[in-house]
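Quick look at target-v9.tsv (TSV, C-alpha atoms):
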chain	number	residue	atom	x	y	z
A	1	MET	CA	-29.86	97.87	84.63
A	2	CYS	CA	-33.49	97.04	85.27
A	3	ASP	CA	-34.40	93.80	87.01
A	4	ASP	CA	-36.44	92.64	84.01
A	5	HIS	CA	-33.27	92.84	81.90
A	6	ARG	CA	-34.65	95.39	79.45
A	7	MET	CA	-32.06	97.56	77.76
A	8	GLU	CA	-32.02	100.21	75.10
A	9	PRO	CA	-31.90	98.79	71.56
A	10	PHE	CA	-28.42	98.24	70.16
A	11	SER	CA	-27.41	101.31	68.23
A	12	ALA	CA	-27.36	101.56	64.46
A	13	GLU	CA	-23.83	102.89	64.83
A	14	GLU	CA	-22.67	99.76	66.64
A	15	SER	CA	-24.30	97.46	64.09
A	16	GLU	CA	-22.68	99.37	61.27
A	17	ALA	CA	-19.28	99.24	62.98
A	18	VAL	CA	-19.50	95.46	63.35
A	19	GLN	CA	-20.77	94.92	59.82
A	20	ARG	CA	-18.05	97.15	58.38
A	21	ILE	CA	-15.39	94.84	59.78
A	22	TRP	CA	-16.67	91.72	58.06
A	23	ARG	CA	-17.81	93.44	54.90
A	24	ASP	CA	-14.35	94.93	54.37
A	25	LEU	CA	-12.99	91.36	54.47
A	26	GLY	CA	-15.40	90.18	51.77
A	27	ILE	CA	-17.13	87.56	53.89
A	28	PRO	CA	-20.93	87.13	54.17
A	29	GLY	CA	-21.10	87.63	57.94
A	30	LEU	CA	-19.74	86.23	61.17
A	31	MET	CA	-19.66	82.84	62.88
A	32	ASP	CA	-19.60	83.04	66.67
A	33	VAL	CA	-19.02	79.66	68.32
A	34	HIS	CA	-19.10	80.95	71.90
A	35	THR	CA	-22.34	82.71	72.83
A	36	HIS	CA	-24.55	82.03	75.84
A	37	PHE	CA	-28.27	81.39	75.78
A	38	MET	CA	-29.65	79.56	78.81
A	39	PRO	CA	-32.92	79.03	80.66
A	40	ARG	CA	-33.96	82.31	82.23
A	41	ARG	CA	-33.39	81.28	85.83
A	42	VAL	CA	-29.95	79.87	85.01
A	43	MET	CA	-28.91	83.05	83.19
A	44	ASP	CA	-30.17	85.11	86.13
A	45	LYS	CA	-27.87	83.17	88.46
A	46	VAL	CA	-24.93	83.52	86.07
A	47	TRP	CA	-25.44	87.28	85.85
A	48	ALA	CA	-25.79	87.54	89.62
A	49	TYR	CA	-22.44	85.77	89.99
A	50	PHE	CA	-20.79	88.18	87.57
A	51	ASP	CA	-22.37	91.11	89.40
A	52	SER	CA	-20.86	89.87	92.67
A	53	ALA	CA	-17.39	89.52	91.11
A	54	GLY	CA	-17.21	86.04	92.62
A	55	PRO	CA	-13.98	84.10	93.14
A	56	MET	CA	-14.14	82.36	89.75
A	57	ILE	CA	-14.09	85.81	88.15
A	58	GLY	CA	-11.90	87.79	90.52
A	59	ARG	CA	-12.62	91.30	89.20
A	60	GLN	CA	-15.43	93.67	88.34
A	61	TRP	CA	-17.23	92.35	85.28
A	62	PRO	CA	-20.17	94.40	83.96
A	63	ILE	CA	-22.46	92.64	81.47
A	64	SER	CA	-22.61	94.71	78.29
A	65	TYR	CA	-25.56	92.97	76.65
A	66	ARG	CA	-27.87	92.24	79.54
A	67	ALA	CA	-31.23	91.98	77.79
A	68	ASP	CA	-34.11	89.61	77.33
A	69	GLU	CA	-33.62	86.61	75.09
A	70	ASP	CA	-35.36	88.02	72.01
A	71	ARG	CA	-33.32	91.21	72.15
A	72	ARG	CA	-30.08	89.27	72.42
A	73	VAL	CA	-30.98	87.19	69.35
A	74	GLU	CA	-31.96	90.37	67.51
A	75	THR	CA	-28.65	91.96	68.41
A	76	LEU	CA	-26.57	89.11	66.99
A	77	ARG	CA	-28.59	89.12	63.79
A	78	ALA	CA	-28.18	92.89	63.45
A	79	PHE	CA	-24.43	92.42	63.78
A	80	GLY	CA	-24.51	89.95	60.90
A	81	VAL	CA	-23.83	86.79	62.91
A	82	ARG	CA	-24.89	83.93	60.64
A	83	ALA	CA	-24.48	81.17	63.23
A	84	TYR	CA	-24.00	81.14	66.98
A	85	SER	CA	-24.22	78.71	69.89
A	86	SER	CA	-26.16	78.46	73.14
A	87	MET	CA	-23.33	77.55	75.50
A	88	ILE	CA	-24.91	75.76	78.46
A	89	TYR	CA	-23.11	73.97	81.27
A	90	PRO	CA	-24.10	72.20	84.50
A	91	HIS	CA	-22.45	72.79	87.85
A	92	LYS	CA	-23.95	69.73	89.54
A	93	PRO	CA	-25.41	66.29	88.72
A	94	ASP	CA	-28.92	65.81	87.30
A	95	MET	CA	-28.81	69.09	85.40
A	96	ALA	CA	-27.29	68.39	81.99
A	97	ARG	CA	-30.18	66.43	80.46
A	98	TRP	CA	-32.61	69.25	81.31
A	99	LEU	CA	-30.25	71.85	79.82
A	100	ASN	CA	-29.92	69.77	76.66
A	101	SER	CA	-33.69	69.60	76.30
A	102	TRP	CA	-33.97	73.37	76.68
A	103	ALA	CA	-31.17	73.98	74.18
A	104	ALA	CA	-32.78	71.70	71.61
A	105	GLU	CA	-36.03	73.67	71.89
A	106	PHE	CA	-34.13	76.94	71.61
A	107	ALA	CA	-32.31	75.81	68.46
A	108	SER	CA	-35.57	74.59	66.95
A	109	ALA	CA	-37.02	78.07	67.43
A	110	HIS	CA	-33.84	79.79	66.20
A	111	PRO	CA	-32.46	77.98	63.12
A	112	ASP	CA	-29.33	80.17	63.10
A	113	CYS	CA	-28.32	78.68	66.47
A	114	LEU	CA	-26.08	75.63	66.42
A	115	GLN	CA	-27.92	73.15	68.61
A	116	THR	CA	-25.81	72.88	71.74
A	117	ALA	CA	-25.55	70.18	74.39
A	118	THR	CA	-23.52	69.54	77.52
A	119	PHE	CA	-22.69	66.86	80.09
A	120	TYR	CA	-21.44	66.17	83.60
A	121	PRO	CA	-19.51	63.20	85.03
A	122	GLU	CA	-22.39	61.11	86.34
A	123	GLU	CA	-24.09	57.79	85.80
A	124	GLY	CA	-26.24	58.03	82.72
A	125	ALA	CA	-24.14	60.70	81.01
A	126	PRO	CA	-23.27	58.53	77.99
A	127	ALA	CA	-26.97	57.79	77.51
A	128	TYR	CA	-28.15	61.40	77.51
A	129	VAL	CA	-25.19	62.46	75.36
A	130	SER	CA	-26.26	59.84	72.84
A	131	GLU	CA	-29.81	61.20	73.06
A	132	ALA	CA	-28.54	64.72	72.39
A	133	ILE	CA	-26.54	63.56	69.38
A	134	ASP	CA	-29.53	61.68	68.00
A	135	ALA	CA	-31.66	64.81	68.55
A	136	GLY	CA	-29.34	66.89	66.37
A	137	ALA	CA	-26.69	68.38	68.66
A	138	ARG	CA	-24.00	70.11	66.59
A	139	ILE	CA	-21.73	71.38	69.34
A	140	PHE	CA	-21.08	70.51	73.01
A	141	LYS	CA	-19.93	72.66	75.91
A	142	SER	CA	-17.71	71.49	78.77
A	143	HIS	CA	-16.81	73.91	81.57
A	144	ILE	CA	-14.06	72.37	83.68
A	145	GLN	CA	-13.75	75.40	85.95
A	146	VAL	CA	-17.44	75.85	86.83
A	147	GLY	CA	-18.26	72.15	86.80
A	148	ALA	CA	-15.21	71.41	88.97
A	149	TYR	CA	-14.63	68.02	87.37
A	150	SER	CA	-11.72	66.33	85.71
A	151	PRO	CA	-12.01	65.78	81.96
A	152	ILE	CA	-10.41	62.38	82.52
A	153	ASP	CA	-12.95	61.29	85.12
A	154	PRO	CA	-13.80	57.63	84.30
A	155	LEU	CA	-17.49	58.56	84.31
A	156	LEU	CA	-16.80	60.55	81.14
A	157	ASP	CA	-15.08	57.77	79.18
A	158	GLY	CA	-18.34	56.79	77.49
A	159	VAL	CA	-19.19	60.43	76.82
A	160	TRP	CA	-15.91	61.15	75.06
A	161	GLY	CA	-16.20	57.92	73.12
A	162	ARG	CA	-19.64	58.82	71.77
A	163	ILE	CA	-18.61	62.38	70.92
A	164	ASP	CA	-15.45	61.12	69.23
A	165	ASP	CA	-17.44	58.64	67.16
A	166	ALA	CA	-19.89	61.36	66.10
A	167	GLN	CA	-17.10	63.93	65.58
A	168	ILE	CA	-19.11	66.73	67.16
A	169	PRO	CA	-16.91	69.59	68.39
A	170	VAL	CA	-16.72	70.35	72.12
A	171	VAL	CA	-16.03	73.91	73.25
A	172	ILE	CA	-14.10	73.23	76.46
A	173	HIS	CA	-13.20	75.84	79.06
A	174	CYS	CA	-10.11	74.13	80.44
A	175	GLY	CA	-7.59	76.93	80.87
A	176	SER	CA	-6.92	78.35	84.32
A	177	GLY	CA	-8.34	81.80	83.60
A	178	PRO	CA	-9.85	83.95	84.87
A	179	ALA	CA	-9.19	81.92	88.01
A	180	PRO	CA	-7.69	78.43	88.29
A	181	GLY	CA	-9.76	75.43	89.27
A	182	GLU	CA	-8.74	72.09	90.71
A	183	PHE	CA	-8.81	70.41	87.29
A	184	THR	CA	-7.94	73.27	84.91
A	185	GLY	CA	-4.76	73.50	82.87
A	186	PRO	CA	-3.29	71.68	79.87
A	187	GLU	CA	-2.16	68.47	81.61
A	188	PRO	CA	-5.60	66.80	81.90
A	189	ILE	CA	-6.41	67.73	78.30
A	190	ASP	CA	-3.09	66.30	77.14
A	191	GLU	CA	-3.99	63.04	78.88
A	192	LEU	CA	-7.51	63.11	77.42
A	193	LEU	CA	-6.13	63.49	73.91
A	194	ARG	CA	-3.70	60.63	74.41
A	195	ARG	CA	-6.76	58.49	75.10
A	196	PHE	CA	-8.87	59.99	72.30
A	197	PRO	CA	-6.44	61.48	69.74
A	198	SER	CA	-9.15	62.30	67.19
A	199	LEU	CA	-11.45	64.02	69.70
A	200	PRO	CA	-12.73	67.33	68.24
A	201	LEU	CA	-12.02	69.94	70.91
A	202	ILE	CA	-12.29	73.73	70.68
A	203	VAL	CA	-10.27	75.13	73.57
A	204	ALA	CA	-12.12	78.21	74.80
A	205	HIS	CA	-10.41	81.55	75.42
A	206	MET	CA	-7.29	80.36	73.55
A	207	GLY	CA	-6.54	78.41	76.73
A	208	THR	CA	-6.04	81.54	78.85
A	209	PRO	CA	-3.54	81.90	80.46
A	210	GLU	CA	-1.74	78.69	79.39
A	211	TYR	CA	-1.53	79.92	75.81
A	212	GLU	CA	1.55	78.07	74.58
A	213	PRO	CA	0.70	74.57	75.86
A	214	PHE	CA	-2.79	74.72	74.34
A	215	LEU	CA	-1.45	76.14	71.09
A	216	ALA	CA	0.97	73.21	71.03
A	217	LEU	CA	-1.94	70.78	71.42
A	218	ALA	CA	-3.66	72.40	68.42
A	219	GLU	CA	-0.45	71.99	66.45
A	220	ARG	CA	-0.10	68.35	67.50
A	221	TYR	CA	-3.66	67.05	67.15
A	222	GLU	CA	-5.62	67.33	63.91
A	223	ASN	CA	-9.01	67.98	65.54
A	224	VAL	CA	-7.96	70.42	68.27
A	225	ARG	CA	-8.91	74.03	67.68
A	226	LEU	CA	-8.93	77.25	69.70
A	227	ASP	CA	-11.55	79.97	70.06
A	228	THR	CA	-10.68	83.64	70.46
A	229	THR	CA	-13.24	84.31	73.19
A	230	MET	CA	-12.17	87.42	75.14
A	231	SER	CA	-8.58	86.95	74.02
A	232	PHE	CA	-6.50	89.87	72.75
A	233	THR	CA	-8.99	92.45	74.10
A	234	ALA	CA	-7.79	95.29	76.29
A	235	PHE	CA	-9.74	93.74	79.17
A	236	SER	CA	-7.89	90.42	78.94
A	237	GLU	CA	-4.52	91.87	78.04
A	238	GLU	CA	-4.42	93.63	81.41
A	239	SER	CA	-4.14	90.38	83.34
A	240	ALA	CA	-3.15	87.73	80.77
A	241	PRO	CA	-1.50	89.24	77.69
A	242	TYR	CA	-1.09	86.93	74.73
A	243	PRO	CA	2.65	86.48	74.07
A	244	ARG	CA	3.77	88.25	70.92
A	245	GLU	CA	6.35	85.53	70.31
A	246	LEU	CA	3.47	83.15	69.59
A	247	PHE	CA	1.98	85.28	66.80
A	248	GLY	CA	3.86	83.45	64.06
A	249	ARG	CA	2.63	80.06	65.26
A	250	LEU	CA	-0.86	81.53	65.61
A	251	ARG	CA	-0.75	82.57	61.95
A	252	ASP	CA	0.47	79.12	60.91
A	253	VAL	CA	-2.52	77.38	62.54
A	254	GLY	CA	-4.98	79.99	61.32
A	255	GLU	CA	-7.41	77.38	59.98
A	256	LYS	CA	-7.83	76.10	63.55
A	257	ILE	CA	-8.78	79.42	65.14
A	258	LEU	CA	-12.50	80.21	65.50
A	259	PHE	CA	-14.08	83.47	66.59
A	260	GLY	CA	-15.92	83.43	69.90
A	261	SER	CA	-17.25	86.40	71.84
A	262	ASP	CA	-18.83	85.20	75.13
A	263	PHE	CA	-21.85	87.35	74.21
A	264	PRO	CA	-23.76	88.60	76.15
A	265	ASN	CA	-21.45	88.23	79.15
A	266	ILE	CA	-18.68	90.56	78.00
A	267	PRO	CA	-17.58	93.74	79.78
A	268	TYR	CA	-16.97	95.66	76.54
A	269	SER	CA	-18.52	96.04	73.10
A	270	TYR	CA	-18.85	93.32	70.49
A	271	THR	CA	-16.86	95.58	68.19
A	272	GLU	CA	-13.91	95.35	70.59
A	273	ALA	CA	-13.99	91.54	70.41
A	274	LEU	CA	-13.54	91.77	66.64
A	275	ALA	CA	-11.13	94.71	66.67
A	276	ALA	CA	-8.87	92.83	69.10
A	277	CYS	CA	-8.34	90.14	66.46
A	278	VAL	CA	-7.78	92.74	63.74
A	279	ARG	CA	-5.11	94.44	65.87
A	280	LEU	CA	-2.99	91.27	65.77
A	281	ASP	CA	-2.16	92.22	62.17
A	282	LEU	CA	-2.02	88.62	60.99
A	283	GLY	CA	-3.57	89.42	57.62
A	284	ASP	CA	-6.96	89.47	55.95
A	285	ARG	CA	-6.82	85.80	54.99
A	286	TRP	CA	-6.30	84.86	58.64
A	287	LEU	CA	-9.20	87.09	59.69
A	288	ARG	CA	-11.54	85.71	57.05
A	289	GLY	CA	-10.89	82.23	58.37
A	290	VAL	CA	-11.27	83.18	62.01
A	291	PHE	CA	-14.39	85.31	61.62
A	292	HIS	CA	-16.23	83.05	59.19
A	293	ASP	CA	-14.64	80.45	56.94
A	294	ASN	CA	-13.17	78.07	59.53
A	295	ALA	CA	-16.41	77.62	61.43
A	296	ALA	CA	-18.46	77.55	58.23
A	297	ALA	CA	-16.35	74.61	57.03
A	298	LEU	CA	-16.43	72.85	60.41
A	299	PHE	CA	-20.22	73.04	60.70
A	300	GLY	CA	-21.02	72.69	57.01
A	301	ILE	CA	-22.62	76.11	56.62
A	302	GLY	CA	-22.66	77.26	53.01

Just give me the structure as structure tokens.
Amino acid sequence: MCDDHRMEPFSAEESEAVQRIWRDLGIPGLMDVHTHFMPRRVMDKVWAYFDSAGPMIGRQWPISYRADEDRRVETLRAFGVRAYSSMIYPHKPDMARWLNSWAAEFASAHPDCLQTATFYPEEGAPAYVSEAIDAGARIFKSHIQVGAYSPIDPLLDGVWGRIDDAQIPVVIHCGSGPAPGEFTGPEPIDELLRRFPSLPLIVAHMGTPEYEPFLALAERYENVRLDTTMSFTAFSEESAPYPRELFGRLRDVGEKILFGSDFPNIPYSYTEALAACVRLDLGDRWLRGVFHDNAAALFGIG
């Protein structure tokens, strides 16, 4: 791939394949709650890390949709994605406020993007989280693995309190996949929810690989949801297969499952992300909710 991130246009065949999936379900398009748009120099560093197959990844991970920002937006729109996010996350202090400012500008320029914000355990975090909420943030991102922080760090108490009061969903990468971190796993999230039982969390990647404990949290807490990001795909099934014995429970909490892709940082096609959910054979009603209706209701998109 060229250094300037140019790529060939997405194919008409791929767009048609994606659109066929949602059209056959009778829904008006897709909702993707887990897509990444970041400042250029941050995205460059993220892609370089994937290219190096670093320890937080642990395997070869080619980027399927490495392209400039405009092309990535164009690709999602061609697929029929009605709303998407700009998942941003800091890995050190004094970074989150700047990312939030960038994401607000990005959402202003792209009305189909859910304005995204993030945070880090640091002095001042409650203040800039409040600023982000006042500026129109509709979704937050927390990356426990990359940020290497505990979700129950006392510095985050004010953050969770403000988010809970505003009832803005947080996509939280807290499972121990693809590689465990010091603070990953279900136990810290269980403790967090005991403190803030109405906190609206969307557990990324279905909680890979701790699928059952995170599914149990979604069953127990009204505002806990799961996103499908990378789950069920052939790529993920190789190392962390989703247990078939959980399929019945997965069907029962269908209204709490949201589609996420991890676009553009996926090592396969967007079609595969959708087809992986279809292969579960949990029914068209379940798929309509996952691909569109659940997120549309959560974010008030008509």

Could you give me, as a ChimeraX atom specification, the residues within 8 Å of range 70-83 of chain A, counting all atoms listed in the file and dropping anything in the same chain fewer than 4 positions from it? /A:9-10,15-16,18-19,29-33,65,112-114,264

Using all atoms listed in the file, the best pick from A:Asp164, A:Asp51, A:Asp293, A:Asp94 as closest to Phe259 in chain A would be A:Asp293

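Close contacts of Asp281 in chain A, defined as residues with an atom at most 12 Å away when counting all atoms listed in the file, with chain neighbours fewer than 2 positions off set aside, comprise Phe232, Arg244, Phe247, Gly248, Leu250, Arg251, Ala275, Ala276, Cys277, Val278, Arg279, Gly283, Asp284, Arg285, Trp286 and Leu287 of chain A.
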
Provide an axis-aligned box for all listed atoms of range 120-131 of chain A, padding each side by 4 Å; report its centre and its edge lengths in Å to one decimal, as AutoDock Vina command-line options.
--center_x -24.7 --center_y 62.0 --center_z 79.6 --size_x 18.3 --size_y 16.4 --size_z 21.5

Nearest to Met206 in chain A, restricted to all atoms listed in the file and choosing among A:Gly260, A:Ser64, A:Glu191, A:Leu155, comes out as A:Gly260

Residues around (-28.7, 87.5, 87.1), cut-off 10 Å, counting only C-alpha atoms - what are they as a PyMOL selection string? chain A and resi 3-5+40-52+63+66

The selected residues should be written to file as an mmCIF file, in the frame of the given file (atoms: C-alpha atoms).
data_model
loop_
_atom_site.group_PDB
_atom_site.id
_atom_site.type_symbol
_atom_site.label_atom_id
_atom_site.label_comp_id
_atom_site.auth_asym_id
_atom_site.auth_seq_id
_atom_site.Cartn_x
_atom_site.Cartn_y
_atom_site.Cartn_z
ATOM 1 C CA ASP A 3 -34.400 93.800 87.010
ATOM 2 C CA ASP A 4 -36.440 92.640 84.010
ATOM 3 C CA HIS A 5 -33.270 92.840 81.900
ATOM 4 C CA ARG A 40 -33.960 82.310 82.230
ATOM 5 C CA ARG A 41 -33.390 81.280 85.830
ATOM 6 C CA VAL A 42 -29.950 79.870 85.010
ATOM 7 C CA MET A 43 -28.910 83.050 83.190
ATOM 8 C CA ASP A 44 -30.170 85.110 86.130
ATOM 9 C CA LYS A 45 -27.870 83.170 88.460
ATOM 10 C CA VAL A 46 -24.930 83.520 86.070
ATOM 11 C CA TRP A 47 -25.440 87.280 85.850
ATOM 12 C CA ALA A 48 -25.790 87.540 89.620
ATOM 13 C CA TYR A 49 -22.440 85.770 89.990
ATOM 14 C CA PHE A 50 -20.790 88.180 87.570
ATOM 15 C CA ASP A 51 -22.370 91.110 89.400
ATOM 16 C CA SER A 52 -20.860 89.870 92.670
ATOM 17 C CA ILE A 63 -22.460 92.640 81.470
ATOM 18 C CA ARG A 66 -27.870 92.240 79.540
#

Find the residues near Asn223 in chain A: any atom within 6 Å, counting only C-alpha atoms, skip ones fewer than 2 places away on the same chain, and give them as a ChimeraX atom specification. /A:198,200,221

What's the 7 Å shell around Lys141 in chain A, counting all atoms listed in the file, without same-chain residues fewer than 5 positions away, as a count of residues only? 8

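Separating CA of Ile257 in chain A from CA of Trp61 in chain A is a distance of 25.4 Å.
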
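Once Trp160 in chain A and its same-chain neighbours fewer than 5 positions away are set aside, Pro126, Asp165, Leu192, Phe196 and Leu199 of chain A remain within 9 Å of it when counting only C-alpha atoms.
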
Using Å and a single decimal, report how far CA of Gly185 in chain A sits from CA of Ala148 in chain A. 12.3 Å

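Minimum atom-to-atom distance to Ala296 in chain A, evaluated using only C-alpha atoms, belongs to A:Leu258 out of A:Pro243, A:Leu258, A:Ala17, A:Arg220.
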
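Checking A:Asn294, A:Ser269, A:Tyr149, A:Phe235 one by one against Arg59 in chain A, counting all atoms listed in the file, you find the shortest gap at A:Phe235.
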
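The coordinates place CA of His292 in chain A at 22.4 Å from CA of Tyr211 in chain A.
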
Model the absent atoms of range 49-63 of chain A so that N, CA, C and O atoms are present, and write the result as a short mmCIF file (atom, residue, chain, number, x, y, z; two decimals), in the coordinates of the input.
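That gives us out_22.cif:
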data_model
loop_
_atom_site.label_atom_id
_atom_site.label_comp_id
_atom_site.auth_asym_id
_atom_site.auth_seq_id
_atom_site.Cartn_x
_atom_site.Cartn_y
_atom_site.Cartn_z
N TYR A 49 -23.82 86.13 89.61
CA TYR A 49 -22.44 85.77 89.99
C TYR A 49 -21.46 86.79 89.42
O TYR A 49 -20.53 87.23 90.11
N PHE A 50 -21.65 87.16 88.16
CA PHE A 50 -20.79 88.18 87.57
C PHE A 50 -20.93 89.50 88.33
O PHE A 50 -19.93 90.18 88.58
N ASP A 51 -22.14 89.86 88.68
CA ASP A 51 -22.37 91.11 89.40
C ASP A 51 -21.64 91.13 90.74
O ASP A 51 -21.22 92.19 91.22
N SER A 52 -21.51 89.95 91.36
CA SER A 52 -20.86 89.87 92.67
C SER A 52 -19.35 89.77 92.57
O SER A 52 -18.66 89.79 93.60
N ALA A 53 -18.83 89.69 91.32
CA ALA A 53 -17.39 89.52 91.11
C ALA A 53 -16.87 88.37 91.96
O ALA A 53 -15.92 88.48 92.72
N GLY A 54 -17.54 87.21 91.81
CA GLY A 54 -17.21 86.04 92.62
C GLY A 54 -15.81 85.52 92.38
O GLY A 54 -15.10 85.97 91.46
N PRO A 55 -15.37 84.57 93.19
CA PRO A 55 -13.98 84.10 93.14
C PRO A 55 -13.57 83.46 91.82
O PRO A 55 -12.38 83.45 91.49
N MET A 56 -14.51 82.92 91.04
CA MET A 56 -14.14 82.36 89.75
C MET A 56 -13.94 83.44 88.69
O MET A 56 -13.53 83.15 87.57
N ILE A 57 -14.24 84.69 89.06
CA ILE A 57 -14.09 85.81 88.15
C ILE A 57 -12.96 86.72 88.63
O ILE A 57 -12.07 87.09 87.87
N GLY A 58 -13.02 87.10 89.89
CA GLY A 58 -11.90 87.79 90.52
C GLY A 58 -11.74 89.26 90.20
O GLY A 58 -10.74 89.87 90.59
N ARG A 59 -12.71 89.87 89.52
CA ARG A 59 -12.62 91.30 89.20
C ARG A 59 -14.01 91.80 88.84
O ARG A 59 -14.92 91.02 88.62
N GLN A 60 -14.17 93.10 88.78
CA GLN A 60 -15.43 93.67 88.34
C GLN A 60 -15.68 93.30 86.89
O GLN A 60 -14.78 93.37 86.05
N TRP A 61 -16.93 92.91 86.61
CA TRP A 61 -17.23 92.35 85.28
C TRP A 61 -18.65 92.77 84.87
O TRP A 61 -19.58 91.98 84.97
N PRO A 62 -18.83 93.98 84.40
CA PRO A 62 -20.17 94.40 83.96
C PRO A 62 -20.61 93.64 82.71
O PRO A 62 -19.80 93.32 81.84
N ILE A 63 -21.90 93.35 82.62
CA ILE A 63 -22.46 92.64 81.47
C ILE A 63 -22.94 93.66 80.44
O ILE A 63 -23.88 94.41 80.68
#
